[in-house]
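Coordinates as given in target11.cif (mmCIF, C-alpha atoms and all ligand atoms):
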```
data_protein
#
loop_
_atom_site.label_atom_id
_atom_site.label_comp_id
_atom_site.auth_asym_id
_atom_site.auth_seq_id
_atom_site.Cartn_x
_atom_site.Cartn_y
_atom_site.Cartn_z
CA MET A 138 -160.93 114.49 1.39
CA SER A 139 -162.71 116.76 -1.06
CA PHE A 140 -164.47 119.69 0.59
CA LEU A 141 -165.86 120.96 -2.71
CA GLU A 142 -167.49 118.77 -5.34
CA ILE A 143 -168.95 119.78 -8.64
CA LYS A 144 -171.25 117.27 -10.22
CA ASP A 145 -172.38 117.31 -13.85
CA LEU A 146 -172.38 121.12 -13.90
CA LYS A 147 -174.03 122.80 -16.86
CA VAL A 148 -174.27 126.52 -17.51
CA HIS A 149 -176.11 127.47 -20.67
CA TYR A 150 -176.61 131.09 -21.71
CA PRO A 151 -179.60 131.95 -23.87
CA ILE A 152 -178.92 133.64 -27.19
CA ARG A 153 -181.70 136.08 -27.93
CA GLY A 154 -182.60 137.59 -31.26
CA GLY A 155 -185.30 138.49 -33.72
CA PHE A 156 -187.93 141.15 -33.47
CA PHE A 157 -189.33 139.98 -30.11
CA HIS A 158 -185.94 139.30 -28.60
CA THR A 159 -186.88 135.68 -27.99
CA ILE A 160 -184.50 132.85 -27.15
CA GLN A 161 -183.13 131.50 -30.45
CA ASP A 162 -180.54 129.08 -29.09
CA TYR A 163 -178.11 128.54 -26.20
CA THR A 164 -174.38 128.89 -25.68
CA TYR A 165 -173.30 125.73 -23.93
CA ALA A 166 -170.58 127.51 -21.93
CA VAL A 167 -170.23 124.63 -19.46
CA ASP A 168 -171.77 121.38 -20.55
CA GLY A 169 -171.38 118.63 -17.97
CA VAL A 170 -168.24 118.75 -15.85
CA ASP A 171 -167.23 117.04 -12.61
CA LEU A 172 -164.53 118.40 -10.34
CA SER A 173 -163.41 117.69 -6.78
CA ILE A 174 -161.23 120.02 -4.73
CA ASP A 175 -159.10 118.72 -1.86
CA GLU A 176 -157.56 120.77 0.92
CA GLY A 177 -154.20 122.42 0.27
CA LYS A 178 -154.02 121.38 -3.38
CA THR A 179 -153.67 123.38 -6.57
CA TYR A 180 -155.78 122.73 -9.64
CA GLY A 181 -155.32 124.14 -13.11
CA LEU A 182 -158.24 124.75 -15.43
CA ILE A 183 -156.74 125.26 -18.85
CA GLY A 184 -158.22 125.91 -22.27
CA GLU A 185 -158.51 128.47 -25.03
CA SER A 186 -160.63 131.59 -24.85
CA GLY A 187 -164.32 130.79 -24.80
CA SER A 188 -163.92 127.20 -23.58
CA GLY A 189 -165.91 127.93 -20.41
CA LYS A 190 -163.22 128.30 -17.75
CA THR A 191 -164.34 131.61 -16.31
CA THR A 192 -167.94 130.44 -16.24
CA ILE A 193 -166.93 127.48 -14.06
CA GLY A 194 -164.99 129.80 -11.74
CA LYS A 195 -167.85 132.27 -11.45
CA THR A 196 -170.37 129.50 -10.83
CA ILE A 197 -168.21 128.08 -8.05
CA VAL A 198 -168.12 131.42 -6.24
CA GLY A 199 -171.82 132.05 -6.87
CA LEU A 200 -171.57 134.80 -9.50
CA GLU A 201 -173.33 132.63 -12.09
CA LYS A 202 -176.21 130.22 -11.63
CA PRO A 203 -175.93 126.60 -12.72
CA THR A 204 -178.44 125.57 -15.38
CA SER A 205 -178.22 122.09 -13.90
CA GLY A 206 -175.87 119.99 -11.79
CA LYS A 207 -174.69 120.41 -8.25
CA ILE A 208 -172.06 122.21 -6.24
CA LEU A 209 -171.51 120.52 -2.88
CA TYR A 210 -169.59 122.06 0.00
CA ASN A 211 -168.74 119.47 2.65
CA GLY A 212 -171.51 117.36 1.17
CA GLN A 213 -174.17 120.09 1.26
CA THR A 214 -175.51 121.79 -1.82
CA VAL A 215 -174.61 125.46 -2.27
CA ASN A 216 -176.47 126.06 -5.52
CA SER A 217 -178.74 128.69 -3.98
CA LYS A 218 -177.89 132.03 -2.39
CA ARG A 219 -179.70 131.01 0.78
CA ALA A 220 -177.70 127.81 1.20
CA ARG A 221 -174.45 129.69 0.58
CA LYS A 222 -175.37 132.21 3.25
CA LYS A 223 -176.40 129.58 5.76
CA LEU A 224 -173.15 127.67 5.38
CA GLY A 225 -170.91 130.77 5.34
CA TYR A 226 -169.80 129.60 1.92
CA ASN A 227 -169.05 133.04 0.47
CA LYS A 228 -166.34 133.54 3.05
CA GLU A 229 -164.69 130.25 2.24
CA VAL A 230 -164.43 130.65 -1.51
CA GLN A 231 -162.90 133.78 -3.04
CA MET A 232 -162.02 134.80 -6.56
CA ILE A 233 -159.13 136.90 -7.90
CA PHE A 234 -159.38 138.35 -11.38
CA GLN A 235 -156.76 139.36 -13.93
CA ASP A 236 -156.57 142.88 -12.57
CA VAL A 237 -158.61 143.10 -9.42
CA PHE A 238 -158.55 146.90 -9.46
CA SER A 239 -160.12 147.30 -12.87
CA SER A 240 -163.43 146.38 -11.25
CA LEU A 241 -162.95 148.54 -8.16
CA ASP A 242 -163.41 152.16 -7.32
CA PRO A 243 -160.10 153.94 -8.06
CA ARG A 244 -161.03 156.55 -5.42
CA LYS A 245 -160.82 153.99 -2.62
CA LYS A 246 -157.69 153.72 -0.50
CA VAL A 247 -155.95 150.37 -0.06
CA ILE A 248 -157.16 150.06 3.52
CA ASP A 249 -160.77 150.36 2.39
CA ILE A 250 -160.27 147.93 -0.47
CA ILE A 251 -158.73 145.22 1.69
CA ALA A 252 -161.05 145.84 4.64
CA GLU A 253 -164.22 145.60 2.53
CA PRO A 254 -164.72 141.83 3.00
CA LEU A 255 -163.90 142.22 6.73
CA ARG A 256 -166.56 144.91 7.08
CA ASN A 257 -169.09 142.60 5.44
CA TYR A 258 -168.42 139.64 7.67
CA GLU A 259 -166.60 140.63 10.83
CA ASN A 260 -167.29 143.17 13.52
CA LEU A 261 -163.86 144.69 14.04
CA THR A 262 -163.07 148.01 15.69
CA LYS A 263 -161.20 150.57 13.54
CA GLU A 264 -157.94 149.72 15.28
CA GLU A 265 -158.42 145.94 14.92
CA GLU A 266 -159.25 146.43 11.28
CA ARG A 267 -156.13 148.54 10.65
CA LYS A 268 -153.97 145.90 12.36
CA LYS A 269 -155.53 143.11 10.35
CA VAL A 270 -155.04 144.96 7.04
CA LEU A 271 -151.41 145.69 7.95
CA GLU A 272 -150.89 142.02 8.72
CA LEU A 273 -152.39 141.07 5.35
CA LEU A 274 -150.20 143.59 3.52
CA ASN A 275 -147.19 142.15 5.29
CA ILE A 276 -148.08 138.62 4.17
CA VAL A 277 -148.00 139.70 0.53
CA GLY A 278 -144.79 141.68 1.02
CA MET A 279 -146.28 145.17 0.79
CA PRO A 280 -145.05 147.99 3.07
CA GLY A 281 -147.30 149.43 5.78
CA ASP A 282 -147.46 152.85 4.17
CA SER A 283 -149.53 151.33 1.35
CA LEU A 284 -152.57 151.60 3.63
CA TYR A 285 -153.55 155.11 2.66
CA LYS A 286 -152.49 155.06 -0.98
CA TYR A 287 -154.68 154.64 -4.04
CA PRO A 288 -154.58 151.83 -6.63
CA HIS A 289 -153.00 154.01 -9.34
CA GLU A 290 -149.95 154.54 -7.13
CA PHE A 291 -148.93 150.88 -7.54
CA SER A 292 -147.49 148.74 -10.31
CA GLY A 293 -149.50 145.87 -11.80
CA GLY A 294 -147.65 143.27 -9.72
CA GLN A 295 -148.16 145.24 -6.50
CA ARG A 296 -151.83 145.69 -7.30
CA GLN A 297 -152.23 142.00 -7.81
CA ARG A 298 -150.58 141.35 -4.44
CA ILE A 299 -153.02 143.76 -2.82
CA GLY A 300 -155.80 141.83 -4.54
CA ILE A 301 -154.42 138.64 -3.01
CA ALA A 302 -154.36 140.28 0.44
CA ARG A 303 -158.03 141.13 -0.01
CA ALA A 304 -158.89 137.62 -1.15
CA ILE A 305 -157.27 136.01 1.90
CA ALA A 306 -158.72 138.51 4.41
CA LEU A 307 -161.48 136.14 5.49
CA ASN A 308 -159.24 133.10 5.69
CA PRO A 309 -160.87 131.21 2.82
CA LYS A 310 -160.33 127.56 1.93
CA LEU A 311 -160.32 128.03 -1.82
CA ILE A 312 -159.19 130.83 -4.10
CA VAL A 313 -160.31 130.77 -7.70
CA ALA A 314 -157.64 132.72 -9.56
CA ASP A 315 -158.70 133.71 -13.08
CA GLU A 316 -155.58 134.46 -15.14
CA PRO A 317 -154.05 136.10 -12.04
CA VAL A 318 -150.72 136.91 -13.66
CA SER A 319 -151.34 137.08 -17.38
CA ALA A 320 -151.39 140.90 -17.42
CA LEU A 321 -147.94 141.05 -15.76
CA ASP A 322 -144.36 140.94 -17.05
CA LEU A 323 -142.67 137.54 -16.85
CA SER A 324 -140.42 138.40 -13.90
CA VAL A 325 -143.34 139.89 -11.96
CA GLN A 326 -145.48 136.84 -12.78
CA ALA A 327 -142.96 134.62 -11.00
CA GLN A 328 -142.95 136.92 -7.98
CA VAL A 329 -146.74 136.93 -7.62
CA LEU A 330 -146.91 133.15 -8.08
CA ASN A 331 -144.27 132.77 -5.37
CA TYR A 332 -146.40 134.76 -2.95
CA LEU A 333 -149.38 132.61 -3.76
CA LYS A 334 -147.30 129.50 -3.07
CA LYS A 335 -146.02 130.88 0.23
CA ILE A 336 -149.51 131.79 1.40
CA GLN A 337 -150.82 128.40 0.38
CA LYS A 338 -148.48 126.70 2.83
CA GLU A 339 -149.28 129.09 5.65
CA PHE A 340 -153.06 128.84 5.31
CA ASN A 341 -153.48 125.37 3.81
CA LEU A 342 -155.32 126.99 0.91
CA SER A 343 -156.52 125.32 -2.26
CA TYR A 344 -156.26 127.11 -5.59
CA LEU A 345 -158.14 126.75 -8.81
CA PHE A 346 -156.01 128.47 -11.42
CA ILE A 347 -157.69 129.44 -14.64
CA SER A 348 -155.41 130.01 -17.59
CA HIS A 349 -155.24 129.72 -21.36
CA ASP A 350 -151.55 128.91 -21.11
CA LEU A 351 -150.31 125.56 -19.83
CA GLY A 352 -146.83 126.98 -19.35
CA VAL A 353 -147.70 129.60 -16.72
CA VAL A 354 -149.24 127.27 -14.16
CA LYS A 355 -147.04 124.26 -14.86
CA HIS A 356 -145.03 124.45 -11.66
CA MET A 357 -147.95 125.31 -9.44
CA CYS A 358 -150.53 122.63 -10.16
CA ASP A 359 -151.02 119.23 -8.58
CA TYR A 360 -153.93 118.43 -10.89
CA ILE A 361 -154.82 119.79 -14.28
CA TYR A 362 -158.15 119.87 -16.10
CA ILE A 363 -158.04 120.63 -19.81
CA MET A 364 -161.18 122.25 -21.08
CA HIS A 365 -162.56 122.54 -24.61
CA ARG A 366 -166.05 123.48 -25.82
CA GLY A 367 -167.53 123.50 -22.33
CA ARG A 368 -166.24 120.04 -21.34
CA PHE A 369 -163.13 118.44 -19.93
CA VAL A 370 -161.11 116.71 -22.60
CA GLU A 371 -158.42 115.43 -20.24
CA ALA A 372 -157.70 115.47 -16.51
CA GLY A 373 -154.88 114.16 -14.39
CA THR A 374 -151.88 114.95 -12.28
CA ARG A 375 -149.33 117.42 -13.59
CA GLU A 376 -147.17 114.47 -14.67
CA ASP A 377 -150.06 112.73 -16.49
CA ILE A 378 -150.76 115.85 -18.49
CA TYR A 379 -147.22 116.96 -19.30
CA ASN A 380 -145.51 113.58 -19.66
CA ASN A 381 -148.29 111.54 -21.19
CA PRO A 382 -150.84 113.78 -22.90
CA ILE A 383 -153.37 111.71 -24.83
CA HIS A 384 -156.05 114.06 -26.12
CA ILE A 385 -155.13 115.86 -29.32
CA TYR A 386 -156.30 119.15 -27.84
CA THR A 387 -153.98 118.77 -24.83
CA ARG A 388 -151.13 117.87 -27.17
CA ARG A 389 -151.85 120.98 -29.17
CA LEU A 390 -151.84 123.17 -26.05
CA ILE A 391 -148.51 121.72 -24.93
CA ALA A 392 -147.02 122.30 -28.36
CA ALA A 393 -148.20 125.91 -28.13
CA ILE A 394 -146.17 126.70 -24.98
CA PRO A 395 -143.75 129.36 -26.18
CA GLU A 396 -140.19 128.16 -26.68
CA ILE A 397 -137.68 130.63 -25.29
CA ASP A 398 -134.52 128.79 -26.26
CA VAL A 399 -133.63 129.86 -29.81
CA LYS A 400 -131.58 126.69 -30.38
CA ASN A 401 -134.75 124.61 -30.16
CA LYS A 402 -136.87 126.76 -32.45
CA GLU A 403 -136.60 124.44 -35.47
CA LYS A 404 -137.30 121.34 -33.38
CA TYR A 405 -140.42 122.88 -31.89
CA TYR A 406 -141.63 124.03 -35.26
CA MET A 407 -141.53 120.40 -36.42
CA ILE A 408 -143.36 119.21 -33.29
CA ARG A 409 -146.09 121.78 -33.82
CA LYS A 410 -146.47 120.71 -37.44
CA LYS A 411 -146.77 117.06 -36.40
CA VAL A 412 -149.36 117.86 -33.72
CA GLU A 413 -151.38 119.83 -36.26
CA GLU A 414 -151.40 116.80 -38.57
CA GLU A 415 -152.50 114.56 -35.70
CA TYR A 416 -155.32 116.98 -35.00
CA ASN A 417 -156.56 116.73 -38.56
CA ASN A 418 -156.17 112.94 -38.84
CA TYR A 419 -157.48 111.76 -35.48
CA SER A 420 -160.22 114.25 -34.74
CA SER A 421 -163.05 111.71 -35.04
CA LEU A 422 -161.61 109.69 -32.13
CA PHE A 423 -161.93 112.69 -29.83
CA TYR A 424 -165.03 114.56 -31.03
CA ASP A 425 -168.37 113.17 -32.23
CA GLU A 426 -170.01 114.10 -35.53
CA ASP A 427 -171.35 117.33 -34.05
CA GLY A 428 -167.94 118.28 -32.71
CA LYS A 429 -168.95 117.47 -29.13
CA VAL A 430 -166.32 116.20 -26.70
CA PHE A 431 -166.86 112.56 -25.63
CA ASP A 432 -167.25 111.50 -21.97
CA LEU A 433 -164.08 110.96 -19.96
CA ILE A 434 -162.67 107.43 -19.76
CA GLN A 435 -160.38 106.54 -16.85
CA ILE A 436 -157.02 105.29 -18.10
CA SER A 437 -155.05 105.14 -14.82
CA ASP A 438 -155.62 105.85 -11.12
CA THR A 439 -155.41 109.57 -11.78
CA HIS A 440 -155.61 110.09 -15.53
CA TYR A 441 -158.82 110.61 -17.56
CA VAL A 442 -159.30 111.32 -21.23
CA ALA A 443 -162.35 112.10 -23.33
CA ILE A 444 -162.13 109.60 -26.15
CA LYS A 445 -164.62 107.63 -28.25
CA ASP A 446 -163.90 104.17 -26.75
CA LYS A 447 -161.16 101.79 -25.60
CA GLU A 448 -160.32 100.85 -29.16
CA ALA A 449 -159.76 104.48 -30.08
CA LEU A 450 -157.48 104.76 -27.06
CA LYS A 451 -155.37 101.82 -28.29
CA ASN A 452 -155.20 103.34 -31.72
CA VAL A 453 -153.98 106.64 -30.28
CA GLU A 454 -151.48 104.99 -27.93
CA ASN A 455 -150.01 102.99 -30.79
CA ASN A 456 -149.85 105.80 -33.26
CA ILE A 457 -149.38 109.16 -31.62
CA ALA A 458 -149.08 109.27 -27.84
N1 LIG B 501 -172.91 136.34 -19.27
C1 LIG B 501 -172.85 135.68 -20.45
N2 LIG B 501 -173.89 135.72 -21.31
C2 LIG B 501 -173.85 135.05 -22.48
N3 LIG B 501 -172.80 134.31 -22.90
C3 LIG B 501 -171.74 134.24 -22.09
C4 LIG B 501 -171.70 134.92 -20.82
N4 LIG B 501 -170.50 134.67 -20.23
C5 LIG B 501 -169.83 133.86 -21.09
N5 LIG B 501 -170.56 133.59 -22.20
C6 LIG B 501 -170.16 132.72 -23.33
O1 LIG B 501 -169.86 131.44 -22.80
C7 LIG B 501 -168.70 130.88 -23.44
C8 LIG B 501 -167.64 130.58 -22.39
O2 LIG B 501 -167.13 131.81 -21.86
P1 LIG B 501 -166.03 131.87 -20.69
O3 LIG B 501 -165.80 133.30 -20.38
O4 LIG B 501 -166.45 130.98 -19.59
O5 LIG B 501 -164.77 131.25 -21.41
P2 LIG B 501 -163.25 131.31 -20.99
O6 LIG B 501 -162.69 129.97 -21.34
O7 LIG B 501 -163.10 131.76 -19.60
O8 LIG B 501 -162.68 132.39 -21.98
P3 LIG B 501 -161.67 133.62 -21.67
O9 LIG B 501 -160.34 132.98 -21.43
O10 LIG B 501 -161.73 134.42 -22.94
O11 LIG B 501 -162.23 134.34 -20.48
C9 LIG B 501 -168.28 131.88 -24.48
O12 LIG B 501 -168.83 131.49 -25.71
C10 LIG B 501 -168.88 133.18 -24.00
O13 LIG B 501 -169.13 134.01 -25.08
#
```

Could you rewrite the structure in this file as structure tokens?
Ligand SMILES: Nc1ncnc2c1ncn2[C@@H]1O[C@H](COP(=O)(O)OP(=O)(O)OP(=O)(O)O)[C@@H](O)[C@H]1O
Amino acid sequence: MSFLEIKDLKVHYPIRGGFFHTIQDYTYAVDGVDLSIDEGKTYGLIGESGSGKTTIGKTIVGLEKPTSGKILYNGQTVNSKRARKKLGYNKEVQMIFQDVFSSLDPRKKVIDIIAEPLRNYENLTKEEERKKVLELLNIVGMPGDSLYKYPHEFSGGQRQRIGIARAIALNPKLIVADEPVSALDLSVQAQVLNYLKKIQKEFNLSYLFISHDLGVVKHMCDYIYIMHRGRFVEAGTREDIYNNPIHIYTRRLIAAIPEIDVKNKEKYYMIRKKVEEEYNNYSSLFYDEDGKVFDLIQISDTHYVAIKDKEALKNVENNIA
């Protein structure tokens, strides 16, 4: 059962210019997307820089306003600040950024950083608060003496774990994680992702992972949404997307996953070349004359692709997919 539903969401930013600083045009950052989030599941929102991923994340947590469309929490709209407050929505949906500390006061101690959401929503005594923060640190594998240290005393991976502790302090249902590990070394990335997985089981959390890299979130996601130019070009289970990618943009993203094994370098070079040719030859089946992404067509119980029509789909299935 989906507790969060996003319906035909659009977020357009005005572009101002000229002498009077008037609106000249709009950036269609998010231009009509639907998304449903179920309990305990992990979703990946993947696309290149500027495709609109962060804007979706921020709109879900209430940091951006929808231009149109709806966000429904247990069937009730949470588009407005008032509705979010009434339903306690801001507690339920948290966001983690690439480096949570870059946006925080470096003069604050860890205890104050993690306790901040608690102070906003819960009336704990000093001792209860200290206990709760210790418990949260323990969940993310950080020692108790971190309490009175400052952000600069930790490594990037440790800081991100502290950020996770803060995000789960209010026992949310959904965490929107915007590139949560992309600033970290590969080995540390795996460690932070493992903590997120562990916590997910314990708290029955849902995640919306935002990433430009299909490789990073591959093992985490149940469902993946591929985003391009403010719209979803393909959506499906992890298997749909990795084993049977249809949209040329998805195929290009998969081909772009870095190949570590040197033996396969030549093979992957050829695949990339082929995918690039597909992109040039089949573009008109996936984008209209103005370069806009078509609406999604359902091609199996779980798999959706944005393609011109059924005939185009056949053409693609016979020739490239
Ligand atoms: N506050 C804003 N005002 C105006 N334009 C914005 C604003 N935020 C984002 N945009 C524009 O909206 C588009 C989508 O941006 P968004 O940050 O959502 O993309 P993204 O896919 O998350 O990219 P990245 O991975 O680089 O963060 C971009 O063209 C961006 O320049």

Please identify the residues whose atoms come within 6 Å of ligand LIG 501 (chain B), using only C-alpha atoms and all ligand atoms, and report them as a JSON list (two decimals) with C-alpha atoms, in the frame of the given file.
```json
[["chain", "number", "residue", "atom", "x", "y", "z"],
["A", 150, "TYR", "CA", -176.61, 131.09, -21.71],
["A", 164, "THR", "CA", -174.38, 128.89, -25.68],
["A", 166, "ALA", "CA", -170.58, 127.51, -21.93],
["A", 185, "GLU", "CA", -158.51, 128.47, -25.03],
["A", 186, "SER", "CA", -160.63, 131.59, -24.85],
["A", 187, "GLY", "CA", -164.32, 130.79, -24.80],
["A", 188, "SER", "CA", -163.92, 127.20, -23.58],
["A", 189, "GLY", "CA", -165.91, 127.93, -20.41],
["A", 190, "LYS", "CA", -163.22, 128.30, -17.75],
["A", 191, "THR", "CA", -164.34, 131.61, -16.31],
["A", 192, "THR", "CA", -167.94, 130.44, -16.24]]
```

One-decimal distance in Å that lies between CA of Asp427 (chain A) and CA of Glu454 (chain A):
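Distance between the two atoms: 24.2 Å.
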
Shell of 7 Å around region 376-388 of chain A, all atoms listed in the file, local chain residues under 2 positions omitted, as a ChimeraX atom specification:
/A:363,370-371,373-374,390-392,412,416,440,442,458

Residue nearest Lys269 (chain A) among A:Ile233, A:Leu209, A:Ala327, A:Ala306 (counting all atoms listed in the file):
A:Ala306

Closest to Gln213 (chain A) among A:Val353, A:Glu448, A:Leu141, A:Pro254, using all atoms listed in the file?
A:Leu141

One decimal, in Å: what's the spacing between CA of Ala449 (chain A) and CA of Lys355 (chain A)?
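So the answer is 28.0 Å.
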
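You will find CA of Glu176 (chain A) at 21.4 Å from CA of Lys223 (chain A).
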
Quick one: residues within 9 Å of Ser283 (chain A), all atoms listed in the file, excluding same-chain residues fewer than 6 positions away - as a list in words?
Lys246, Val247, Ile248, Leu271, Leu274 and Phe291 of chain A

Using all atoms listed in the file for the distances, tell me which of A:Lys178, A:His356, A:Lys286, A:Lys144 is nearest to Val215 (chain A).
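For Val215 (chain A), the nearest of the candidates is A:Lys144.
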
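Of the residues under consideration (A:Leu351, A:Val230, A:Val318, A:Leu433), A:Val230 shows the shortest atom-to-atom contact distance to Thr196 (chain A) when counting all atoms listed in the file.
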
At most 12 Å is the cut-off: for each residue in region 210-274 of chain A with any atom that close to an atom of region 344-348 of chain A, write down the nearest atom pair and the distance in Å rounded to one decimal, counting all atoms listed in the file, chain first then increasing number, as CSV.
```
residue,atom,partner,partner_atom,distance
A:Glu229,CA,A:Tyr344,CA,11.9
A:Val230,CA,A:Tyr344,CA,9.8
A:Gln231,CA,A:Tyr344,CA,9.8
A:Met232,CA,A:Leu345,CA,9.2
A:Ile233,CA,A:Phe346,CA,9.7
A:Phe234,CA,A:Ile347,CA,9.6
A:Gln235,CA,A:Ile347,CA,10.0
```
